[in-house]
Each structure stands twice: as structure tokens, then as C-alpha cells.
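> Attaching a single structure in C-alpha cells format; questions to follow.
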Amino acid sequence: RWLHKWYNPKCNGQLPPGSMGLPFIGETIEFFTPHSLNDIPPFISKRMKRYGAVFRTSLVGQKVIVSTDPEINYEIFQQENKSFLLSYTESFLEIFGQESLVKHHGMLHKYLKNLVLHLVSPENLKRNLLPEMDKATHKHLNSWAILGTMEVKEGSSEMIFEYIAKKLIDYDEMNTSPNKKLRNNFQAFMDGLISFPLNIPGFAYHACLQGRKNAHKVIKDKLNERRKLASKSEKNYDFLDNLIEEVDNVDSILTEPIAIDLIFLLLFASHETTSAAMTLAVKFIADHPQVLEELTKEHEAILESRENKNSQLTWQEYKSMTFTHMVINETARLANIVPGIFRKALTDVEMKGYTIPAGWSVMVVPAAVHLSPGKYDDPLQFNPWRWEGKELHAGSKTFMAFGGGIRLCVGADFAKLQMAIFIHHMVTKYRWRVIKGGDIVRKPGLIFPNGLHIKISDK
Ligand code: HEM
């Protein structure tokens, strides 16, 4: 009877077609099978062919409805906090923290999002972060050119982590001994993030939880260090001072565990996602000389219109980079850095003739839309020109690389600005070419198994 119940889940309506796979395990093993970048994940495409755009499955112990339908995806994002709630699996929350921003809803979510926007809102990027990002990018690319070669994923990851850790918790990664570096913990964390949740020594998930534990300790120490310092001297009201003031205010809803999980999420989300997108952009640009030529034209024109060629990049110049933004969008479309976006149905929801039962998870798969021939001509081709005359700065039913609705990525503007600054320096100041690596695997997160190595020198 139990097996019959497993294979035929209860539903007060028409459940989408599909299979629940093996008892307990479901179809998890096939879901995690590595595949190449350049296509819709085989797990998804096989089932789309068999069942259509919406189907049921079971992953890591959850009953899941998978949606590859742009209208349904859009509706799910719009129904946040009404019929659907952002809800990641228990193992995911174990990793990101039970007090993480991705766990909170309603007022607390709004409050936390506003805290983050103090740092990465367009206004703040323009006033504070752009000059700092520009300086950091210049400094790191210079050091790459002095070395002569660089692995782009590692180099860009290190670059972003260094300045965001300084900005968030006043942490100096550069002057920390190699075996104690905070970023090492995020590396272990990353390896296990999208893995089978087995908390046993030797498994990626276990290493991931260890990485999280170590990183938490460093963040907590930094908070306490600043607290002691702030009680003795003047505050400088940076992100950390503001956070501590809120935590110590008895009337505030911010507690220390929430603050630590927030910093942890931001440290991770900012450097891992953006560096993966930057690495992919370098690969695409290297593989498409015409794109490099067009980018060089756009950025040389920016330099020529300046009084002083060596002055810092301005917000107006950034806003004028139309082709660069087309390259960024095209990279994000093909990258599908977030392979699945999860929600939970709060009530039975009717969609296109099917019922999504209350309590079931829904997984939106951006790649199924971004790589669909019905939505994009020749969808596997890297072609920034397809964005000509199109909206470049907002999501849509057919472009959801940064999610949608009220959970839209709060760091999207940060990531785009960082990518644009990086491209600006790469094409105006340096000569570079790929010399090794460039393989890309999805597990289903994006992995560069042998990196992307470039030879780089001053122009
Ligand atoms: C290319 C880079 C990036 C991509 C592709 C990306 C993608 C996404 C996606 C798809 C979501 C929505 C998840 C959902 O709805 O469940 C999201 C949310 C989020 N992202 Fe990003 N992201 C990027 C960069 C960043 C950066 C740089 C930061 C931090 C500075 C960041 C912080 C966040 C946070 C905090 C959320 C949760 C927002 C919420 O729940 O309201 N992301 N991101």
C-alpha cells in the first residue's frame, strides 16, 4: 500500500504527468548526473519530450513539480507569499542557515532586502562601489599581467571576494595566511552546495557544512572585534557598524544569528556567481573575435571621449555601454548560473489544467526557457546582437537569469557593474588569449573542471 501511495500521490485534481522514481531516492541520482553547458539539462529535456512543459518528480526526498513553461514560471514569481513561498530543501537551509534571508518571508524578508540594498542599490553602486570596484579590478588585472598568465575563475573569484569581504566585515583576505583564508571555506562550501545531502565525512555535503561552520566563526569574531572597537572609538558607519547597531537595538527585528547568516549569504552569492559569469564571458568573447572587436570599439570610444584617458570610470560611461550589456545578458542567458529556482505551493494551485498540490515544491528551470528554440532563434549560439533594441535591465517571461517577482536577485546590478568594469579593462588595457582549459560541466551547478587559463600582458 505504501508503494502504491508513493507512485500515485494524492491530488484533488489533475496532477502533472511524470514519475516519482525509486522510493525515497526518487529521481535524484539522474538529476545530479553531470552534463555539458550547452544544452537544456538531459534530465529536464528527456522529461519535457515525454510529458510536456510541466511534470512531476521526486528530488532529495521532496515531491516536486518541474515547470519549464514561461507563463507558469512568471505566475509563480508573481504569486510569491500568496499561493507560493520561496522554499528550499531542508538540506539547502542546513547549508545557508536556518536564519538565512532565503528562509524569511514577509516583513523580515523586506527588512533584510533593504539592508542589502543599502550596499548594492544602484544609488550606492554609483556613489560608493563603482570607484572601489574599478580600483580593485585595475589592481588585480595589473597583477595578472605582471604574472603573465592567470586562471580566470580563480583570479576573478579572489578579486571580488577580497573587496566584498572588506566591505561587509572589514576582513583583510590579502593579509591572512594561506591556510587560514576565509575564501577556502567557501570553496569547500561551493563543492557541496548542490550535491547529494549525505552528512558523512568524505562526502561533499559534509565538507560543505564544515566550510560553513568555519566561515561562521570568522564572521562572528569580526562582529565582536568591531563591537569592542566601536565602544572605544568613533563609529565610521559602514555596513558592519550599521548591522551591529541594528542587532544591539532591542526594538529591532535583526538578531545576531540572522545578521551572521546574511553576511554569509552575501559573501557567497557575490563572488561565486559573478566570477562564474565573468569566466564564461571571457570564454565567449575569446571564441567570438567579432564580439571582442565590437566591445573594443565601444570601450575605446569611452576613453577617447575623456579629457584624461587614465581617469576613473564614471557612472555615465557605464550606462553608455550598450553592447557590453548585450554581452552580459547573453552570457547570463547561456550561463544559467542558478539551475533551479524553488518554491512551495501554499494551497492547491490550478495552472494550465493541472493542479499543483499544497505542500509540493515547484522547481522553475530557467535553462529550459533560455535555451528553447521556441523562445530564442538558434538558442545555443552566443549572439549578443539578439539583444539589439530589447530591454536589457529587467527580467521577463523569457529572461529569468536573475529570478523574478519580489525575490528578484538583489545583487543583479552589482554583478552587471562588476562584469562591465572587468570587460572595460580587459579590452582597453590588455592583450590576452586563452591558453588552456575552458571545459564546462554542470553538476547541475556550473563547474570549470580545468579552469580557464589566459596569457595576459599590457597593451
Ligand atoms: C551573475 C550573477 C548572479 C546571478 C546569475 C544571480 C541569480 C540569482 C537568482 C536567480 C536569484 C533568485 C533566487 C530565487 O528566486 O529563489 C537570486 C537571488 C539572490 N541573489 Fe543573486 N545572482 C547573482 C549575483 C548576486 C550578487 C552579486 C549578490 C550579492 C551582492 C546576490 C545576492 C542575492 C540574494 C541575497 C538573493 C536572494 C533575494 C531574495 O530572496 O529576495 N546575487 N540571485
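So you can find residues: chains in the C-alpha cells are A, B, ... in the order shown, residues in each start at 1, and ligands are numbered from 1 in order.
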Just the residues within 12 Å of range 236-247 of chain A, please, counting only C-alpha atoms, with nothing from its chain fewer than 3 positions along; format it as an mmCIF file with N, CA and C atoms, in the first residue's frame.

```cif
data_model
loop_
_atom_site.group_PDB
_atom_site.id
_atom_site.type_symbol
_atom_site.label_atom_id
_atom_site.label_comp_id
_atom_site.auth_asym_id
_atom_site.auth_seq_id
_atom_site.Cartn_x
_atom_site.Cartn_y
_atom_site.Cartn_z
ATOM 1 N N TYR A 111 12.734 43.716 5.181
ATOM 2 C CA TYR A 111 13.697 44.430 6.012
ATOM 3 C C TYR A 111 15.144 44.038 5.632
ATOM 4 N N LEU A 112 15.360 42.719 5.472
ATOM 5 C CA LEU A 112 16.719 42.242 5.143
ATOM 6 C C LEU A 112 17.126 42.691 3.745
ATOM 7 N N ASN A 114 16.173 45.340 2.252
ATOM 8 C CA ASN A 114 16.518 46.762 2.331
ATOM 9 C C ASN A 114 17.914 46.974 2.896
ATOM 10 N N LEU A 115 18.280 46.155 3.887
ATOM 11 C CA LEU A 115 19.631 46.252 4.457
ATOM 12 C C LEU A 115 20.677 46.012 3.365
ATOM 13 N N VAL A 116 20.402 44.980 2.529
ATOM 14 C CA VAL A 116 21.354 44.640 1.464
ATOM 15 C C VAL A 116 21.386 45.765 0.423
ATOM 16 N N LEU A 117 20.208 46.345 0.178
ATOM 17 C CA LEU A 117 20.166 47.409 -0.831
ATOM 18 C C LEU A 117 20.958 48.644 -0.395
ATOM 19 N N HIS A 118 21.108 48.834 0.928
ATOM 20 C CA HIS A 118 21.958 49.940 1.388
ATOM 21 C C HIS A 118 23.349 49.815 0.796
ATOM 22 N N LEU A 119 23.713 48.556 0.508
ATOM 23 C CA LEU A 119 25.058 48.301 -0.016
ATOM 24 C C LEU A 119 25.077 48.260 -1.547
ATOM 25 N N VAL A 120 24.069 47.618 -2.151
ATOM 26 C CA VAL A 120 24.165 47.336 -3.593
ATOM 27 C C VAL A 120 23.042 47.965 -4.433
ATOM 28 N N ASN A 124 23.864 53.377 -4.474
ATOM 29 C CA ASN A 124 25.085 53.080 -3.735
ATOM 30 C C ASN A 124 26.214 52.596 -4.627
ATOM 31 N N ASN A 128 29.372 54.782 -4.196
ATOM 32 C CA ASN A 128 30.473 54.176 -3.430
ATOM 33 C C ASN A 128 31.191 53.027 -4.107
ATOM 34 N N ILE A 164 34.700 42.510 -1.382
ATOM 35 C CA ILE A 164 33.376 42.418 -0.750
ATOM 36 C C ILE A 164 33.536 42.017 0.720
ATOM 37 N N ALA A 165 34.551 41.181 1.026
ATOM 38 C CA ALA A 165 34.788 40.799 2.426
ATOM 39 C C ALA A 165 35.254 42.017 3.226
ATOM 40 N N LYS A 166 36.023 42.871 2.586
ATOM 41 C CA LYS A 166 36.485 44.105 3.237
ATOM 42 C C LYS A 166 35.284 45.013 3.498
ATOM 43 N N LYS A 167 34.428 45.092 2.487
ATOM 44 C CA LYS A 167 33.264 45.970 2.562
ATOM 45 C C LYS A 167 32.251 45.480 3.610
ATOM 46 N N LEU A 168 32.029 44.165 3.638
ATOM 47 C CA LEU A 168 30.994 43.628 4.522
ATOM 48 C C LEU A 168 31.460 43.503 5.965
ATOM 49 N N ILE A 169 32.658 42.935 6.171
ATOM 50 C CA ILE A 169 33.069 42.655 7.563
ATOM 51 C C ILE A 169 34.477 43.160 7.872
ATOM 52 N N ASP A 170 34.979 44.049 7.025
ATOM 53 C CA ASP A 170 36.298 44.629 7.256
ATOM 54 C C ASP A 170 37.365 43.530 7.383
ATOM 55 N N TYR A 171 37.218 42.507 6.552
ATOM 56 C CA TYR A 171 38.132 41.357 6.617
ATOM 57 C C TYR A 171 39.203 41.490 5.541
ATOM 58 N N ILE A 219 33.160 35.197 10.792
ATOM 59 C CA ILE A 219 32.223 36.331 10.741
ATOM 60 C C ILE A 219 31.863 36.781 12.168
ATOM 61 N N LYS A 220 31.613 35.816 13.045
ATOM 62 C CA LYS A 220 31.246 36.137 14.434
ATOM 63 C C LYS A 220 32.393 36.877 15.134
ATOM 64 N N LYS A 222 34.626 38.683 13.739
ATOM 65 C CA LYS A 222 34.731 40.025 13.163
ATOM 66 C C LYS A 222 33.696 40.971 13.777
ATOM 67 N N LEU A 223 32.471 40.425 13.986
ATOM 68 C CA LEU A 223 31.419 41.238 14.611
ATOM 69 C C LEU A 223 31.852 41.662 16.015
ATOM 70 N N ASN A 224 32.380 40.700 16.783
ATOM 71 C CA ASN A 224 32.775 41.014 18.160
ATOM 72 C C ASN A 224 33.951 41.981 18.203
ATOM 73 N N GLU A 225 34.893 41.784 17.283
ATOM 74 C CA GLU A 225 36.060 42.669 17.195
ATOM 75 C C GLU A 225 35.600 44.104 16.963
ATOM 76 N N ARG A 226 34.669 44.283 16.013
ATOM 77 C CA ARG A 226 34.197 45.629 15.684
ATOM 78 C C ARG A 226 33.397 46.232 16.838
ATOM 79 N N ARG A 227 32.634 45.382 17.520
ATOM 80 C CA ARG A 227 31.845 45.852 18.668
ATOM 81 C C ARG A 227 32.758 46.461 19.729
ATOM 82 N N LYS A 228 33.862 45.742 20.002
ATOM 83 C CA LYS A 228 34.807 46.218 21.022
ATOM 84 C C LYS A 228 35.415 47.541 20.581
ATOM 85 N N LEU A 229 35.795 47.595 19.307
ATOM 86 C CA LEU A 229 36.442 48.784 18.746
ATOM 87 C C LEU A 229 35.483 49.968 18.778
ATOM 88 N N ALA A 230 34.211 49.706 18.409
ATOM 89 C CA ALA A 230 33.218 50.777 18.312
ATOM 90 C C ALA A 230 32.912 51.364 19.690
ATOM 91 N N SER A 231 33.034 50.524 20.737
ATOM 92 C CA SER A 231 32.745 51.066 22.064
ATOM 93 C C SER A 231 33.863 51.996 22.528
ATOM 94 N N SER A 233 36.031 53.809 20.198
ATOM 95 C CA SER A 233 36.294 54.960 19.317
ATOM 96 C C SER A 233 35.045 55.320 18.516
ATOM 97 N N VAL A 250 17.310 46.880 20.904
ATOM 98 C CA VAL A 250 16.311 45.910 21.396
ATOM 99 C C VAL A 250 15.004 45.967 20.601
ATOM 100 N N ASP A 251 14.727 47.111 19.982
ATOM 101 C CA ASP A 251 13.472 47.234 19.224
ATOM 102 C C ASP A 251 13.579 46.687 17.800
ATOM 103 N N SER A 252 14.793 46.319 17.388
ATOM 104 C CA SER A 252 14.966 45.877 16.004
ATOM 105 C C SER A 252 14.663 44.375 15.878
ATOM 106 N N ILE A 253 14.231 43.973 14.657
ATOM 107 C CA ILE A 253 13.946 42.539 14.465
ATOM 108 C C ILE A 253 15.213 41.765 14.091
ATOM 109 N N LEU A 254 16.313 42.500 13.922
ATOM 110 C CA LEU A 254 17.556 41.827 13.497
ATOM 111 C C LEU A 254 18.274 41.215 14.702
ATOM 112 N N THR A 255 18.484 39.891 14.652
ATOM 113 C CA THR A 255 19.232 39.233 15.725
ATOM 114 C C THR A 255 20.630 38.900 15.187
ATOM 115 N N GLU A 256 21.546 38.532 16.088
ATOM 116 C CA GLU A 256 22.902 38.228 15.625
ATOM 117 C C GLU A 256 22.936 37.027 14.674
ATOM 118 N N PRO A 257 22.208 35.916 14.971
ATOM 119 C CA PRO A 257 22.233 34.785 14.017
ATOM 120 C C PRO A 257 21.715 35.190 12.623
ATOM 121 N N ILE A 258 20.689 36.059 12.575
ATOM 122 C CA ILE A 258 20.179 36.491 11.256
ATOM 123 C C ILE A 258 21.262 37.306 10.535
ATOM 124 N N ALA A 259 21.936 38.198 11.298
ATOM 125 C CA ALA A 259 22.974 39.051 10.698
ATOM 126 C C ALA A 259 24.126 38.190 10.162
ATOM 127 N N ILE A 260 24.528 37.176 10.935
ATOM 128 C CA ILE A 260 25.653 36.326 10.501
ATOM 129 C C ILE A 260 25.258 35.537 9.252
ATOM 130 N N LEU A 262 23.137 36.418 7.070
ATOM 131 C CA LEU A 262 23.020 37.375 5.957
ATOM 132 C C LEU A 262 24.404 37.661 5.355
ATOM 133 N N ILE A 263 25.381 37.904 6.222
ATOM 134 C CA ILE A 263 26.740 38.180 5.733
ATOM 135 C C ILE A 263 27.273 36.959 4.982
#
```
> Within 6 Å of ligand 1, counting only C-alpha atoms and all ligand atoms, which protein or nucleic acid residues do you find, written as a PyMOL selection string?
chain A and resi 102+266+269-270+273-274+277+337-338+341-342+401-403+407-412+414-415
> Mind dumping the selected residues with N, CA and C atoms as a CSV table (one decimal), in the first residue's frame?

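Contents of selection-v6.csv, freshly written:
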```
chain,number,residue,atom,x,y,z
A,102,VAL,N,17.0,33.7,2.7
A,102,VAL,CA,16.1,32.8,1.8
A,102,VAL,C,15.1,32.0,2.6
A,266,LEU,N,25.7,36.8,1.6
A,266,LEU,CA,26.2,37.8,0.7
A,266,LEU,C,27.7,37.5,0.2
A,269,ALA,N,27.2,34.6,-2.3
A,269,ALA,CA,26.4,35.0,-3.6
A,269,ALA,C,27.2,35.9,-4.4
A,270,SER,N,27.9,36.9,-3.8
A,270,SER,CA,28.5,37.9,-4.6
A,270,SER,C,29.7,37.4,-5.4
A,273,THR,N,28.8,33.6,-7.9
A,273,THR,CA,28.0,33.8,-9.1
A,273,THR,C,28.7,34.7,-10.1
A,274,THR,N,29.2,35.8,-9.6
A,274,THR,CA,29.7,36.8,-10.5
A,274,THR,C,31.0,36.3,-11.2
A,277,ALA,N,30.1,34.0,-14.0
A,277,ALA,CA,29.6,34.7,-15.2
A,277,ALA,C,30.8,35.4,-15.9
A,337,ILE,N,23.3,30.3,-14.3
A,337,ILE,CA,24.1,30.1,-13.1
A,337,ILE,C,23.3,29.4,-12.0
A,338,VAL,N,22.0,29.9,-11.8
A,338,VAL,CA,21.1,29.3,-10.8
A,338,VAL,C,20.3,28.2,-11.6
A,341,ILE,N,15.1,27.2,-9.5
A,341,ILE,CA,14.6,28.2,-8.5
A,341,ILE,C,13.4,27.5,-7.8
A,342,PHE,N,13.4,27.4,-6.5
A,342,PHE,CA,12.4,26.6,-5.8
A,342,PHE,C,11.4,27.4,-5.0
A,401,ALA,N,17.4,35.0,-15.7
A,401,ALA,CA,18.7,34.6,-15.1
A,401,ALA,C,18.8,35.1,-13.7
A,402,PHE,N,18.1,36.2,-13.4
A,402,PHE,CA,18.2,36.8,-12.0
A,402,PHE,C,16.9,36.6,-11.2
A,403,GLY,N,16.1,35.6,-11.7
A,403,GLY,CA,14.8,35.3,-11.0
A,403,GLY,C,13.7,36.2,-11.4
A,407,ARG,N,11.4,38.3,-5.2
A,407,ARG,CA,12.6,37.7,-4.9
A,407,ARG,C,13.7,37.9,-6.0
A,408,LEU,N,13.5,38.8,-6.9
A,408,LEU,CA,14.4,39.1,-7.9
A,408,LEU,C,15.8,39.3,-7.3
A,409,CYS,N,16.9,38.8,-7.9
A,409,CYS,CA,18.2,38.9,-7.3
A,409,CYS,C,18.5,40.4,-6.9
A,410,VAL,N,18.9,40.5,-5.6
A,410,VAL,CA,19.2,41.8,-5.1
A,410,VAL,C,20.6,42.3,-5.6
A,411,GLY,N,21.4,41.4,-6.0
A,411,GLY,CA,22.8,41.7,-6.4
A,411,GLY,C,22.9,41.8,-7.9
A,412,ALA,N,21.8,41.8,-8.7
A,412,ALA,CA,22.0,41.8,-10.1
A,412,ALA,C,22.7,43.0,-10.7
A,414,PHE,N,24.9,44.8,-9.1
A,414,PHE,CA,26.3,44.7,-8.6
A,414,PHE,C,27.0,43.8,-9.6
A,415,ALA,N,26.4,42.6,-9.9
A,415,ALA,CA,27.1,41.6,-10.8
A,415,ALA,C,27.3,42.2,-12.2
```
> Which value, in Å to one decimal, gives the distance between CA of Gln312 in chain A and CA of Thr331 in chain A?
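Between CA of Gln312 in chain A and CA of Thr331 in chain A the gap works out to 25.5 Å.
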> Which residues in range 351-414 of chain A does DSSP call alpha helix (DSSP H)? List them as a ChimeraX atom specification.
/A:366-370,412-414
> With distances taken over only C-alpha atoms, which of A:Trp360, A:Trp387, A:Phe189, A:Tyr51 is nearest to Thr89 in chain A?
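When distances to Thr89 in chain A are compared using only C-alpha atoms, the smallest one comes from A:Trp360.
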> Find the residues of range 268-387 of chain A that sit at most 9 Å from range 419-422 of chain A; for each, write down the nearest two atoms and how far apart they are in Å, to one decimal. Count only C-alpha atoms. Sort by chain, then by number going up, and give it as a Markdown table.

```
| residue | atom | partner | partner_atom | distance |
| --- | --- | --- | --- | --- |
| A:Thr274 | CA | A:Met419 | CA | 7.5 |
| A:Ser275 | CA | A:Met419 | CA | 8.6 |
| A:Ala277 | CA | A:Met419 | CA | 7.9 |
| A:Met278 | CA | A:Met419 | CA | 6.0 |
| A:Ala281 | CA | A:Met419 | CA | 8.5 |
| A:Leu313 | CA | A:Ile421 | CA | 8.0 |
| A:Tyr318 | CA | A:Ala420 | CA | 7.3 |
| A:Met321 | CA | A:Ala420 | CA | 8.0 |
| A:Thr324 | CA | A:Ala420 | CA | 6.5 |
| A:His325 | CA | A:Ala420 | CA | 7.4 |
| A:Ile328 | CA | A:Met419 | CA | 7.3 |
```
